[in-house]
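*Asks:* Can you keep this structure in mind? I'll have questions shortly.
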Amino acid sequence: MKLVNRRLVTAVLTLMLVAASCSWETKSLVPPIPTLSEPSSIYAGDGSLLLTLPVAEQRDVLESIDQIPEHVTNAVVAIEDERFYKHNGWDAKGIIRAARTNVSAGGVSQGGSTITQQYVENTFWSEMENCSDDEGNKDSGGAKCKIEEINMARLLEESYSKDFILLGYLNTIFFGANAFGIQSAAEIYFDKDISRVTIAEGALLAGLIQSPSRLNPFNNREGSIERRELVLDRMLANDFITEDEFEQAFSEPLVLNSGRIQLADVEYRAAHFVEEVKTWFLEATDEQITSRYPTQADRLRALEGDKLRIETTVDPTLQERAEATVNAILPARPGEVDNPSAAAVIMDPLNGEVVAMVGGRDFFDDESEFAQVNLASGKGRQAGSSMKPIALAAAIDRAGIAATSVYDAPREITIKTDSGPWKVKGGASGGKSDLIRATQWSTNTVYAQLVVQIGAQLFVDVAHDLGIASDIAAVPAAALGTEDVTVLELTNVYATLANQGIKNDPVFVRRILDKDGQVIYEHRPTPTLAIQPSTANQISWIMEKVIASGTGTDAQIGRPAAGKTGTAQNFADATFAGYTPQYAAAVWVGYPEGQIPMTRANGTTDIDVYGGTYPARIWKELMVIAHEGLDVVSFPSPPASSTTRPPTTPLSQAPLTAVPDVLGRKMSPARNVLTDAGFVVNIVERAEGSVRPNQVLDQSPAGNTEAPIGSTVTIVVSVDPSSVLLDIPNVVGSKLAVAQSTLQAAGFIPVVNAVAENSDGSIAPGRGKVVWKQSPGGGQANPGASVEIWVNPARN
């Protein structure tokens, strides 16, 4: 027998013997009447009051188990304690399952509890002497406490019927949405008496017991349905329902109470943020909180009666202006009840503090069934190309791929994958692109090749390291943003990049004080290095180009900023995420009820909604507001060895090195030789019928000359004459803006080098921002090919 198995069996047998041999003093079995004192309050980051929590719980006590349909009680038994009618209060099999994961702790901790044990823990805690520490805080993790709980459960089973215990349990358990007891839950979720609840509805209620806040169907519809399906599976496995009943319940649509009670009688500030704080507290995992309030029911009672002072991170002024900005930029369509909505999160990268969270248009909109759904932190939606920087980080940091690596950039491409051919659209009309330009112009066909090259699993691993908490599938399309992530997670990723690769988990609460002013919780930062600082700095340098001259120009805020647009398929979701060294923010725009295309043709919006439209415009205004009064801070310079060159270092000051001679070589090895020597490679294709395709015909600078490290070497590569070619206009002598527009109109990508034409760096009068050299200087090339131009800087 393995050591771990021997220890497991020993622990369980010891617990069984001790529990069986303990003498047990008779306890009162009259459940204590819940008492409420002063409710808790939530405060903003500046100390101002956001909300004194209302006592809005609903408690309706049933007098007989016969008032509850048998299919409802069977659902609870099936998912919570399927051996309920066979054990005498505790279940050794359940304890063994829990002990497998806790044997290293030297005893049996929580887990494997029967319904009877849960009833004891929720109702008779004050009478359990071994379950509190020296300061009176609950401590349910010790073996003595577990033994006391088991013996109390055995005493209940000896004194009362199973129906009495099950009824007591269902009258007191917490079901979320401020509902204690299954009758209250039926009224709140379905607006009906428990006697009229269907099999499917009963299964959903039973499923909530495990995690009532997280699975609340008002906020997590899909999660609650998935849990309902699991309950139905267990009911079928235990012969509680027939196959026909299972099929009917499985396919029954979830219809919730549209007139559910309002969470507060009065409106309050930062409502979505406040509800996020409440959810965070109710689902707390931090030992500072769980040692004092072990269960969700305990924590809800603490919010309502322990007069806690919860000090949060939100900036109330920024929050108020952020909400107003969303509604101003994203206009509501007259006469429409449900319009496209927006979600936004602003975070401090240095510590992870969430300073603003917009979860939707109006939390208190009585006409919208989605008003109280937090679109910033709920199930999540597709982020589109806003996920591409994760693939870029994985490539540079983990796979050793340079950002200057060049890929084919066609409009469409079909790539072989493990699951079959993958057809991807979204690129240039031909030619090549490195990862820098592919990020700037959001070239799907390049990133598709990249993610297949690095592997989808590596992408997923780096996504989690950077801040994505949601489960995302390890498929290549995930790098193009097809998986659902939340706005909060996306903000966390970009905050990690802003913080030079150091991730801080999102923070909503700084500390919590009890009614005596004693600190019972204080946030403890746990920063982790997700990617190397050099990688993060390089990505920031690249994504600055997205805002400066790429797909995100509507997000320009007049100071250094990096970001990325994202547009899901069919225009159903649109995002913009970005950052400065001081703040990170992400914005999502879409329909709350599902993926509805936001296009003029579809009649749902006045414009076709890309990430570079409404999301970028909202992001811009939010970041302008957030940076009011702050000094302008630039990003750290990226390492010269991993980019074309630091933008602050003139080429004339970079060290010189020999340029390899690659004439006559095949394109791929020629590119590798030049890249290894420290150069950026620009590839221009030329039709040559007398030369085999993919051979280097010319290069500039020439081989065996010297050029600055990090500068660009252009190689001219032969292609089949049958290829579609365009004439390259000569723009020498033109002003920069004219040259760029001329080349772009002709179908080419201008690559600008700001270098003075005079060797001493001087600029003649009238020659500022004038093109004095280009490569190639004429001829033809494929659409989308790069044309390099040298431009005098602006004359002082």
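Quick note on naming: the chains in the structure tokens go A, B, ... in the order shown, residues restart at 1 in each chain, and ligands are numbered from 1 in order of appearance.
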So that each row is one residue of stretch 343-401 of chain A with an atom at most 12 Å from stretch 537-552 of chain A, can you give its shortest atom pair and the distance in Å to one decimal, using only C-alpha atoms, rows by chain and rising number, as JSON lines?

*Replies:*
{"residue": "A:Ser385", "atom": "CA", "partner": "A:Thr551", "partner_atom": "CA", "distance": 10.8}
{"residue": "A:Ser386", "atom": "CA", "partner": "A:Met543", "partner_atom": "CA", "distance": 10.9}
{"residue": "A:Lys388", "atom": "CA", "partner": "A:Met543", "partner_atom": "CA", "distance": 10.7}
{"residue": "A:Pro389", "atom": "CA", "partner": "A:Ile539", "partner_atom": "CA", "distance": 7.3}
{"residue": "A:Ile390", "atom": "CA", "partner": "A:Ile539", "partner_atom": "CA", "distance": 9.7}
{"residue": "A:Ala391", "atom": "CA", "partner": "A:Ile539", "partner_atom": "CA", "distance": 10.8}
{"residue": "A:Leu392", "atom": "CA", "partner": "A:Ile539", "partner_atom": "CA", "distance": 7.6}
{"residue": "A:Ala393", "atom": "CA", "partner": "A:Ile539", "partner_atom": "CA", "distance": 7.3}
{"residue": "A:Ala394", "atom": "CA", "partner": "A:Ile539", "partner_atom": "CA", "distance": 11.0}
{"residue": "A:Ala395", "atom": "CA", "partner": "A:Ile539", "partner_atom": "CA", "distance": 11.0}
{"residue": "A:Ile396", "atom": "CA", "partner": "A:Ile539", "partner_atom": "CA", "distance": 9.1}
{"residue": "A:Asp397", "atom": "CA", "partner": "A:Gln538", "partner_atom": "CA", "distance": 10.4}

*Asks:* Write a file of the just-selected residues containing N, CA and C atoms, as a short mmCIF file (atom, residue, chain, number, x, y, z; two decimals), in the first residue's frame.

*Replies:*
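Here's the written file selection_39.cif:
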data_model
loop_
_atom_site.label_atom_id
_atom_site.label_comp_id
_atom_site.auth_asym_id
_atom_site.auth_seq_id
_atom_site.Cartn_x
_atom_site.Cartn_y
_atom_site.Cartn_z
N SER A 385 -9.41 40.57 -31.02
CA SER A 385 -7.97 40.73 -31.15
C SER A 385 -7.30 41.36 -29.94
N SER A 386 -8.09 41.76 -28.94
CA SER A 386 -7.48 42.24 -27.70
C SER A 386 -6.71 41.12 -27.00
N LYS A 388 -4.58 39.19 -28.68
CA LYS A 388 -3.35 38.96 -29.42
C LYS A 388 -2.08 39.29 -28.65
N PRO A 389 -2.06 40.34 -27.82
CA PRO A 389 -0.84 40.60 -27.05
C PRO A 389 -0.43 39.43 -26.15
N ILE A 390 -1.38 38.60 -25.76
CA ILE A 390 -1.04 37.41 -24.97
C ILE A 390 -0.22 36.45 -25.83
N ALA A 391 -0.65 36.25 -27.08
CA ALA A 391 0.12 35.39 -27.99
C ALA A 391 1.48 36.00 -28.27
N LEU A 392 1.55 37.32 -28.38
CA LEU A 392 2.83 37.98 -28.60
C LEU A 392 3.75 37.77 -27.41
N ALA A 393 3.20 37.88 -26.20
CA ALA A 393 4.00 37.65 -24.99
C ALA A 393 4.51 36.22 -24.92
N ALA A 394 3.64 35.27 -25.28
CA ALA A 394 4.05 33.86 -25.27
C ALA A 394 5.16 33.61 -26.27
N ALA A 395 5.05 34.24 -27.44
CA ALA A 395 6.06 34.03 -28.49
C ALA A 395 7.40 34.60 -28.08
N ILE A 396 7.42 35.83 -27.56
CA ILE A 396 8.68 36.48 -27.22
C ILE A 396 9.27 35.91 -25.95
N ASP A 397 8.43 35.74 -24.92
CA ASP A 397 8.93 35.39 -23.59
C ASP A 397 9.21 33.90 -23.42
#

*Asks:* Could you check which of A:Leu236, A:Ile413, A:Val493, A:Ala271 is closest to A:Ala371, using only C-alpha atoms?

*Replies:*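 Checking each candidate against A:Ala371, we get A:Ala271 as the closest.
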
*Asks:* Where does DSSP see helix (DSSP H, G or I) in stretch 345-475 of chain A, if you list the residues as an NGL selection string?

*Replies:* :A and (384-398 or 435-440 or 444-454 or 456-466)

*Asks:* For the atom pair atom CA of A:Ile683 and atom CA of A:Ala409, what is the interatomic distance in Å to one decimal place?

*Replies:* 11.9 Å

*Asks:* Hey, which of A:Val76, A:Ala344, A:Ile289, A:Leu156 ends up closest to A:Ile209? Count only C-alpha atoms.

*Replies:*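 Of A:Val76, A:Ala344, A:Ile289, A:Leu156, the one nearest A:Ile209 is A:Val76, counting only C-alpha atoms.
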
*Asks:* Residues near stretch 460-467 of chain A, anyone? I mean within 10 Å using only C-alpha atoms, not counting same-chain ones fewer than 5 positions away, as a PDB file with N, CA and C atoms, in the first residue's frame.

*Replies:*
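So the final result, stored in around-v8.pdb, reads:
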ATOM      1  N   MET A 387      -6.913  39.879 -27.421  1.00  0.00           N
ATOM      2  CA  MET A 387      -6.161  38.749 -26.858  1.00  0.00           C
ATOM      3  C   MET A 387      -4.820  38.541 -27.550  1.00  0.00           C
ATOM      4  N   PRO A 389      -2.063  40.341 -27.819  1.00  0.00           N
ATOM      5  CA  PRO A 389      -0.839  40.595 -27.048  1.00  0.00           C
ATOM      6  C   PRO A 389      -0.425  39.433 -26.151  1.00  0.00           C
ATOM      7  N   ILE A 390      -1.382  38.599 -25.762  1.00  0.00           N
ATOM      8  CA  ILE A 390      -1.036  37.412 -24.973  1.00  0.00           C
ATOM      9  C   ILE A 390      -0.215  36.451 -25.831  1.00  0.00           C
ATOM     10  N   ALA A 391      -0.649  36.249 -27.078  1.00  0.00           N
ATOM     11  CA  ALA A 391       0.116  35.395 -27.994  1.00  0.00           C
ATOM     12  C   ALA A 391       1.485  35.999 -28.267  1.00  0.00           C
ATOM     13  N   LEU A 392       1.548  37.316 -28.382  1.00  0.00           N
ATOM     14  CA  LEU A 392       2.827  37.979 -28.601  1.00  0.00           C
ATOM     15  C   LEU A 392       3.750  37.775 -27.407  1.00  0.00           C
ATOM     16  N   ALA A 393       3.204  37.882 -26.198  1.00  0.00           N
ATOM     17  CA  ALA A 393       4.001  37.651 -24.987  1.00  0.00           C
ATOM     18  C   ALA A 393       4.506  36.222 -24.921  1.00  0.00           C
ATOM     19  N   ALA A 394       3.640  35.267 -25.277  1.00  0.00           N
ATOM     20  CA  ALA A 394       4.050  33.860 -25.266  1.00  0.00           C
ATOM     21  C   ALA A 394       5.165  33.613 -26.267  1.00  0.00           C
ATOM     22  N   ALA A 395       5.053  34.235 -27.441  1.00  0.00           N
ATOM     23  CA  ALA A 395       6.057  34.034 -28.490  1.00  0.00           C
ATOM     24  C   ALA A 395       7.404  34.598 -28.075  1.00  0.00           C
ATOM     25  N   ASP A 397       8.426  35.740 -24.917  1.00  0.00           N
ATOM     26  CA  ASP A 397       8.930  35.391 -23.587  1.00  0.00           C
ATOM     27  C   ASP A 397       9.206  33.905 -23.424  1.00  0.00           C
ATOM     28  N   ARG A 398       8.387  33.068 -24.030  1.00  0.00           N
ATOM     29  CA  ARG A 398       8.500  31.625 -23.783  1.00  0.00           C
ATOM     30  C   ARG A 398       9.043  30.856 -24.981  1.00  0.00           C
ATOM     31  N   GLY A 455       2.012  26.905 -30.260  1.00  0.00           N
ATOM     32  CA  GLY A 455       1.148  25.930 -29.610  1.00  0.00           C
ATOM     33  C   GLY A 455       0.063  26.605 -28.795  1.00  0.00           C
ATOM     34  N   ILE A 472     -10.240  28.747 -20.619  1.00  0.00           N
ATOM     35  CA  ILE A 472     -10.271  28.960 -22.064  1.00  0.00           C
ATOM     36  C   ILE A 472      -9.694  27.721 -22.743  1.00  0.00           C
ATOM     37  N   ALA A 473     -10.278  27.366 -23.853  1.00  0.00           N
ATOM     38  CA  ALA A 473      -9.881  26.148 -24.552  1.00  0.00           C
ATOM     39  C   ALA A 473      -8.522  26.329 -25.217  1.00  0.00           C
ATOM     40  N   ALA A 474      -7.726  25.281 -25.193  1.00  0.00           N
ATOM     41  CA  ALA A 474      -6.404  25.311 -25.839  1.00  0.00           C
ATOM     42  C   ALA A 474      -6.569  25.011 -27.323  1.00  0.00           C
ATOM     43  N   VAL A 475      -7.155  25.962 -28.021  1.00  0.00           N
ATOM     44  CA  VAL A 475      -7.342  25.859 -29.470  1.00  0.00           C
ATOM     45  C   VAL A 475      -6.719  27.085 -30.114  1.00  0.00           C
ATOM     46  N   PRO A 476      -6.207  26.965 -31.332  1.00  0.00           N
ATOM     47  CA  PRO A 476      -5.534  28.109 -31.961  1.00  0.00           C
ATOM     48  C   PRO A 476      -6.399  29.360 -32.042  1.00  0.00           C
ATOM     49  N   ALA A 478      -8.280  30.623 -30.025  1.00  0.00           N
ATOM     50  CA  ALA A 478      -8.333  31.390 -28.784  1.00  0.00           C
ATOM     51  C   ALA A 478      -7.451  32.623 -28.849  1.00  0.00           C
ATOM     52  N   ALA A 479      -6.342  32.546 -29.589  1.00  0.00           N
ATOM     53  CA  ALA A 479      -5.437  33.690 -29.712  1.00  0.00           C
ATOM     54  C   ALA A 479      -6.061  34.826 -30.506  1.00  0.00           C
ATOM     55  N   LEU A 488     -12.886  42.487 -16.505  1.00  0.00           N
ATOM     56  CA  LEU A 488     -11.981  42.562 -15.362  1.00  0.00           C
ATOM     57  C   LEU A 488     -10.701  41.777 -15.624  1.00  0.00           C
ATOM     58  N   GLU A 489     -10.826  40.577 -16.179  1.00  0.00           N
ATOM     59  CA  GLU A 489      -9.642  39.765 -16.494  1.00  0.00           C
ATOM     60  C   GLU A 489      -8.780  40.436 -17.553  1.00  0.00           C
ATOM     61  N   LEU A 490      -9.429  40.980 -18.577  1.00  0.00           N
ATOM     62  CA  LEU A 490      -8.686  41.634 -19.652  1.00  0.00           C
ATOM     63  C   LEU A 490      -7.923  42.845 -19.113  1.00  0.00           C
ATOM     64  N   THR A 491      -8.548  43.599 -18.230  1.00  0.00           N
ATOM     65  CA  THR A 491      -7.860  44.729 -17.598  1.00  0.00           C
ATOM     66  C   THR A 491      -6.659  44.244 -16.815  1.00  0.00           C
ATOM     67  N   ASN A 492      -6.804  43.115 -16.138  1.00  0.00           N
ATOM     68  CA  ASN A 492      -5.700  42.579 -15.347  1.00  0.00           C
ATOM     69  C   ASN A 492      -4.519  42.200 -16.234  1.00  0.00           C
ATOM     70  N   VAL A 493      -4.794  41.644 -17.416  1.00  0.00           N
ATOM     71  CA  VAL A 493      -3.722  41.291 -18.354  1.00  0.00           C
ATOM     72  C   VAL A 493      -2.951  42.539 -18.769  1.00  0.00           C
ATOM     73  N   TYR A 494      -3.678  43.571 -19.138  1.00  0.00           N
ATOM     74  CA  TYR A 494      -3.024  44.788 -19.614  1.00  0.00           C
ATOM     75  C   TYR A 494      -2.336  45.535 -18.465  1.00  0.00           C
ATOM     76  N   ALA A 495      -2.874  45.413 -17.260  1.00  0.00           N
ATOM     77  CA  ALA A 495      -2.198  45.991 -16.102  1.00  0.00           C
ATOM     78  C   ALA A 495      -0.874  45.284 -15.838  1.00  0.00           C
ATOM     79  N   THR A 496      -0.831  43.984 -16.078  1.00  0.00           N
ATOM     80  CA  THR A 496       0.420  43.233 -15.918  1.00  0.00           C
ATOM     81  C   THR A 496       1.463  43.703 -16.915  1.00  0.00           C
ATOM     82  N   LEU A 497       1.048  43.953 -18.143  1.00  0.00           N
ATOM     83  CA  LEU A 497       1.972  44.485 -19.142  1.00  0.00           C
ATOM     84  C   LEU A 497       2.445  45.880 -18.741  1.00  0.00           C
ATOM     85  N   GLY A 501       5.383  43.266 -16.517  1.00  0.00           N
ATOM     86  CA  GLY A 501       5.308  41.819 -16.381  1.00  0.00           C
ATOM     87  C   GLY A 501       4.976  41.308 -15.003  1.00  0.00           C
ATOM     88  N   ILE A 502       4.771  42.196 -14.036  1.00  0.00           N
ATOM     89  CA  ILE A 502       4.456  41.781 -12.664  1.00  0.00           C
ATOM     90  C   ILE A 502       2.945  41.848 -12.470  1.00  0.00           C
ATOM     91  N   LYS A 503       2.341  40.700 -12.153  1.00  0.00           N
ATOM     92  CA  LYS A 503       0.885  40.624 -12.017  1.00  0.00           C
ATOM     93  C   LYS A 503       0.458  40.798 -10.571  1.00  0.00           C
ATOM     94  N   ASN A 504      -0.554  41.636 -10.377  1.00  0.00           N
ATOM     95  CA  ASN A 504      -1.263  41.754  -9.105  1.00  0.00           C
ATOM     96  C   ASN A 504      -2.707  41.349  -9.347  1.00  0.00           C
ATOM     97  N   ASP A 505      -3.246  40.513  -8.481  1.00  0.00           N
ATOM     98  CA  ASP A 505      -4.652  40.148  -8.616  1.00  0.00           C
ATOM     99  C   ASP A 505      -5.526  41.374  -8.364  1.00  0.00           C
ATOM    100  N   PRO A 506      -6.705  41.440  -9.005  1.00  0.00           N
ATOM    101  CA  PRO A 506      -7.597  42.586  -8.785  1.00  0.00           C
ATOM    102  C   PRO A 506      -7.969  42.739  -7.313  1.00  0.00           C
ATOM    103  N   THR A 528       3.292  38.500  -8.621  1.00  0.00           N
ATOM    104  CA  THR A 528       4.032  37.411  -9.253  1.00  0.00           C
ATOM    105  C   THR A 528       4.589  37.894 -10.598  1.00  0.00           C
ATOM    106  N   LEU A 529       5.745  37.377 -10.967  1.00  0.00           N
ATOM    107  CA  LEU A 529       6.352  37.734 -12.250  1.00  0.00           C
ATOM    108  C   LEU A 529       5.761  36.837 -13.322  1.00  0.00           C
ATOM    109  N   ALA A 530       4.936  37.414 -14.183  1.00  0.00           N
ATOM    110  CA  ALA A 530       4.266  36.643 -15.233  1.00  0.00           C
ATOM    111  C   ALA A 530       5.154  36.483 -16.455  1.00  0.00           C
ATOM    112  N   ILE A 531       5.770  37.579 -16.894  1.00  0.00           N
ATOM    113  CA  ILE A 531       6.703  37.563 -18.018  1.00  0.00           C
ATOM    114  C   ILE A 531       7.863  38.479 -17.665  1.00  0.00           C
TER     115      ILE A 531
END

*Asks:* Just asking: which residues within stretch 529-700 of chain A are strand (DSSP E or B) according to DSSP, as a ChimeraX atom specification?

*Replies:* /A:529,562-567,573-579,584-590,656-658,666,680-687,695-700

*Asks:* Just write the chosen residues, N, CA, C and O atoms, as a short mmCIF file (atom, residue, chain, number, x, y, z; two decimals), in the first residue's frame.

*Replies:*
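File written: out-v7.cif
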data_model
loop_
_atom_site.label_atom_id
_atom_site.label_comp_id
_atom_site.auth_asym_id
_atom_site.auth_seq_id
_atom_site.Cartn_x
_atom_site.Cartn_y
_atom_site.Cartn_z
N LEU A 529 5.75 37.38 -10.97
CA LEU A 529 6.35 37.73 -12.25
C LEU A 529 5.76 36.84 -13.32
O LEU A 529 6.03 35.64 -13.36
N ALA A 562 -0.43 52.55 -24.64
CA ALA A 562 -0.38 51.33 -25.45
C ALA A 562 -1.73 50.64 -25.36
O ALA A 562 -2.38 50.68 -24.31
N GLY A 563 -2.15 50.01 -26.43
CA GLY A 563 -3.45 49.36 -26.38
C GLY A 563 -3.70 48.48 -27.59
O GLY A 563 -2.88 48.39 -28.50
N LYS A 564 -4.87 47.85 -27.59
CA LYS A 564 -5.21 46.93 -28.68
C LYS A 564 -6.72 46.89 -28.85
O LYS A 564 -7.48 46.80 -27.87
N THR A 565 -7.15 46.95 -30.10
CA THR A 565 -8.55 46.81 -30.43
C THR A 565 -8.94 45.33 -30.49
O THR A 565 -8.09 44.46 -30.66
N GLY A 566 -10.24 45.08 -30.39
CA GLY A 566 -10.75 43.73 -30.54
C GLY A 566 -12.17 43.75 -31.06
O GLY A 566 -13.01 44.47 -30.52
N THR A 567 -12.43 42.97 -32.10
CA THR A 567 -13.78 42.88 -32.66
C THR A 567 -14.11 41.42 -32.88
O THR A 567 -13.37 40.71 -33.58
N ASP A 573 -19.35 41.53 -30.45
CA ASP A 573 -18.65 42.06 -29.28
C ASP A 573 -17.51 42.93 -29.77
O ASP A 573 -16.84 42.57 -30.75
N ALA A 574 -17.27 44.02 -29.08
CA ALA A 574 -16.16 44.90 -29.46
C ALA A 574 -15.46 45.36 -28.19
O ALA A 574 -16.11 45.68 -27.19
N THR A 575 -14.14 45.38 -28.22
CA THR A 575 -13.37 45.75 -27.02
C THR A 575 -12.23 46.68 -27.39
O THR A 575 -11.75 46.72 -28.53
N PHE A 576 -11.79 47.41 -26.39
CA PHE A 576 -10.50 48.10 -26.46
C PHE A 576 -9.89 48.02 -25.08
O PHE A 576 -10.53 48.31 -24.08
N ALA A 577 -8.64 47.58 -25.05
CA ALA A 577 -7.90 47.49 -23.78
C ALA A 577 -6.56 48.17 -23.96
O ALA A 577 -5.94 48.08 -25.02
N GLY A 578 -6.11 48.85 -22.93
CA GLY A 578 -4.84 49.55 -23.04
C GLY A 578 -4.38 50.09 -21.70
O GLY A 578 -5.03 49.90 -20.66
N TYR A 579 -3.28 50.82 -21.74
CA TYR A 579 -2.69 51.27 -20.48
C TYR A 579 -1.66 52.36 -20.71
O TYR A 579 -1.15 52.55 -21.82
N ALA A 584 -4.41 51.07 -16.14
CA ALA A 584 -4.84 50.16 -17.20
C ALA A 584 -6.36 50.15 -17.22
O ALA A 584 -7.01 50.29 -16.18
N ALA A 585 -6.92 49.98 -18.41
CA ALA A 585 -8.37 49.96 -18.53
C ALA A 585 -8.77 49.10 -19.72
O ALA A 585 -8.03 48.98 -20.69
N ALA A 586 -9.95 48.51 -19.62
CA ALA A 586 -10.54 47.76 -20.74
C ALA A 586 -12.00 48.13 -20.86
O ALA A 586 -12.67 48.39 -19.84
N VAL A 587 -12.50 48.15 -22.09
CA VAL A 587 -13.88 48.52 -22.36
C VAL A 587 -14.48 47.47 -23.30
O VAL A 587 -13.85 47.08 -24.29
N TRP A 588 -15.68 47.02 -22.99
CA TRP A 588 -16.44 46.11 -23.86
C TRP A 588 -17.75 46.76 -24.24
O TRP A 588 -18.40 47.42 -23.42
N VAL A 589 -18.15 46.59 -25.47
CA VAL A 589 -19.45 47.07 -25.95
C VAL A 589 -20.17 45.91 -26.62
O VAL A 589 -19.58 45.18 -27.43
N GLY A 590 -21.43 45.73 -26.30
CA GLY A 590 -22.22 44.66 -26.90
C GLY A 590 -23.61 44.63 -26.31
O GLY A 590 -23.98 45.46 -25.48
N LEU A 656 27.92 49.84 -34.87
CA LEU A 656 27.92 49.28 -36.22
C LEU A 656 28.35 47.83 -36.20
O LEU A 656 29.11 47.40 -35.34
N THR A 657 27.83 47.08 -37.16
CA THR A 657 28.23 45.69 -37.31
C THR A 657 28.16 45.33 -38.79
O THR A 657 27.52 46.03 -39.58
N ALA A 658 28.84 44.25 -39.16
CA ALA A 658 28.89 43.85 -40.57
C ALA A 658 27.55 43.29 -41.02
O ALA A 658 26.89 42.53 -40.31
N LYS A 666 18.36 31.39 -50.60
CA LYS A 666 16.92 31.26 -50.47
C LYS A 666 16.42 32.27 -49.43
O LYS A 666 17.15 32.66 -48.51
N VAL A 680 16.76 43.99 -38.65
CA VAL A 680 15.36 43.79 -39.02
C VAL A 680 15.33 43.53 -40.53
O VAL A 680 16.00 44.22 -41.29
N VAL A 681 14.54 42.55 -40.92
CA VAL A 681 14.52 42.16 -42.33
C VAL A 681 13.22 42.64 -42.97
O VAL A 681 12.12 42.33 -42.50
N ASN A 682 13.37 43.40 -44.03
CA ASN A 682 12.23 43.82 -44.85
C ASN A 682 12.32 43.11 -46.19
O ASN A 682 13.35 43.15 -46.85
N ILE A 683 11.26 42.43 -46.57
CA ILE A 683 11.27 41.61 -47.78
C ILE A 683 10.41 42.27 -48.85
O ILE A 683 9.24 42.59 -48.62
N VAL A 684 10.99 42.45 -50.01
CA VAL A 684 10.29 42.98 -51.17
C VAL A 684 10.35 41.92 -52.27
O VAL A 684 11.42 41.36 -52.54
N GLU A 685 9.21 41.65 -52.87
CA GLU A 685 9.15 40.61 -53.90
C GLU A 685 9.19 41.25 -55.29
O GLU A 685 8.56 42.29 -55.53
N ARG A 686 9.93 40.60 -56.19
CA ARG A 686 10.05 41.09 -57.57
C ARG A 686 9.90 39.91 -58.52
O ARG A 686 10.49 38.84 -58.30
N ALA A 687 9.14 40.12 -59.57
CA ALA A 687 8.94 39.05 -60.56
C ALA A 687 10.18 38.91 -61.41
O ALA A 687 10.65 39.87 -62.01
N GLN A 695 14.55 33.37 -54.26
CA GLN A 695 15.98 33.67 -54.18
C GLN A 695 16.18 35.16 -54.00
O GLN A 695 15.43 35.99 -54.54
N VAL A 696 17.23 35.52 -53.21
CA VAL A 696 17.53 36.93 -52.96
C VAL A 696 18.22 37.52 -54.18
O VAL A 696 19.29 37.07 -54.59
N LEU A 697 17.59 38.54 -54.78
CA LEU A 697 18.14 39.20 -55.97
C LEU A 697 18.99 40.42 -55.62
O LEU A 697 19.93 40.75 -56.32
N ASP A 698 18.62 41.08 -54.54
CA ASP A 698 19.31 42.31 -54.18
C ASP A 698 19.14 42.54 -52.69
O ASP A 698 18.23 41.97 -52.07
N GLN A 699 20.02 43.33 -52.11
CA GLN A 699 19.86 43.68 -50.72
C GLN A 699 20.40 45.09 -50.50
O GLN A 699 21.28 45.55 -51.22
N SER A 700 19.81 45.75 -49.48
CA SER A 700 20.23 47.10 -49.14
C SER A 700 20.08 47.28 -47.63
O SER A 700 18.99 47.07 -47.09
#

*Asks:* Do you know which residues are at most 7 Å from A:Ala249 counting only C-alpha atoms, after dropping those on the same chain fewer than 4 positions away, and could you put them as a compact mmCIF listing (two decimals) with C-alpha atoms, in the first residue's frame?

*Replies:*
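Listing of result-v9.txt after writing:
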# COMPACT_ATOMS: atom_id res chain seq x y z
CA ILE A 199 -38.30 19.18 -11.66
CA ALA A 200 -35.97 21.47 -13.60
CA GLU A 245 -38.58 13.14 -16.96

*Asks:* Suppose you want the space between atom CA of A:Phe174 and atom CA of A:Val507; what is it in Å?

*Replies:*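 Atom CA of A:Phe174 sits 26.0 Å away from atom CA of A:Val507.
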
*Asks:* Quick one: everything within 12 Å of A:Lys192, counting only C-alpha atoms, minus sequence neighbours fewer than 5 positions away in the same chain. Send it as a PyMOL selection string.

*Replies:* chain A and resi 182-187+197-198+201-202+255-260

*Asks:* Atoms to include: C-alpha atoms. Write the selected residues as a PDB file, in the first residue's frame.

*Replies:*
ATOM      1  CA  ILE A 182     -36.103  26.935  -0.073  1.00  0.00           C
ATOM      2  CA  GLN A 183     -39.540  28.599   0.064  1.00  0.00           C
ATOM      3  CA  SER A 184     -37.936  32.049  -0.111  1.00  0.00           C
ATOM      4  CA  ALA A 185     -35.698  30.852  -2.940  1.00  0.00           C
ATOM      5  CA  ALA A 186     -38.692  29.620  -4.971  1.00  0.00           C
ATOM      6  CA  GLU A 187     -40.426  32.984  -4.540  1.00  0.00           C
ATOM      7  CA  VAL A 197     -41.769  24.188  -8.657  1.00  0.00           C
ATOM      8  CA  THR A 198     -40.972  21.877 -11.589  1.00  0.00           C
ATOM      9  CA  GLU A 201     -36.576  24.382 -11.221  1.00  0.00           C
ATOM     10  CA  GLY A 202     -36.058  22.144  -8.196  1.00  0.00           C
ATOM     11  CA  VAL A 255     -37.730  31.306 -16.851  1.00  0.00           C
ATOM     12  CA  LEU A 256     -36.816  33.577 -13.951  1.00  0.00           C
ATOM     13  CA  ASN A 257     -38.919  35.978 -11.923  1.00  0.00           C
ATOM     14  CA  SER A 258     -38.905  39.189 -13.948  1.00  0.00           C
ATOM     15  CA  GLY A 259     -40.267  41.225 -11.024  1.00  0.00           C
ATOM     16  CA  ARG A 260     -37.729  40.125  -8.415  1.00  0.00           C
TER      17      ARG A 260
END
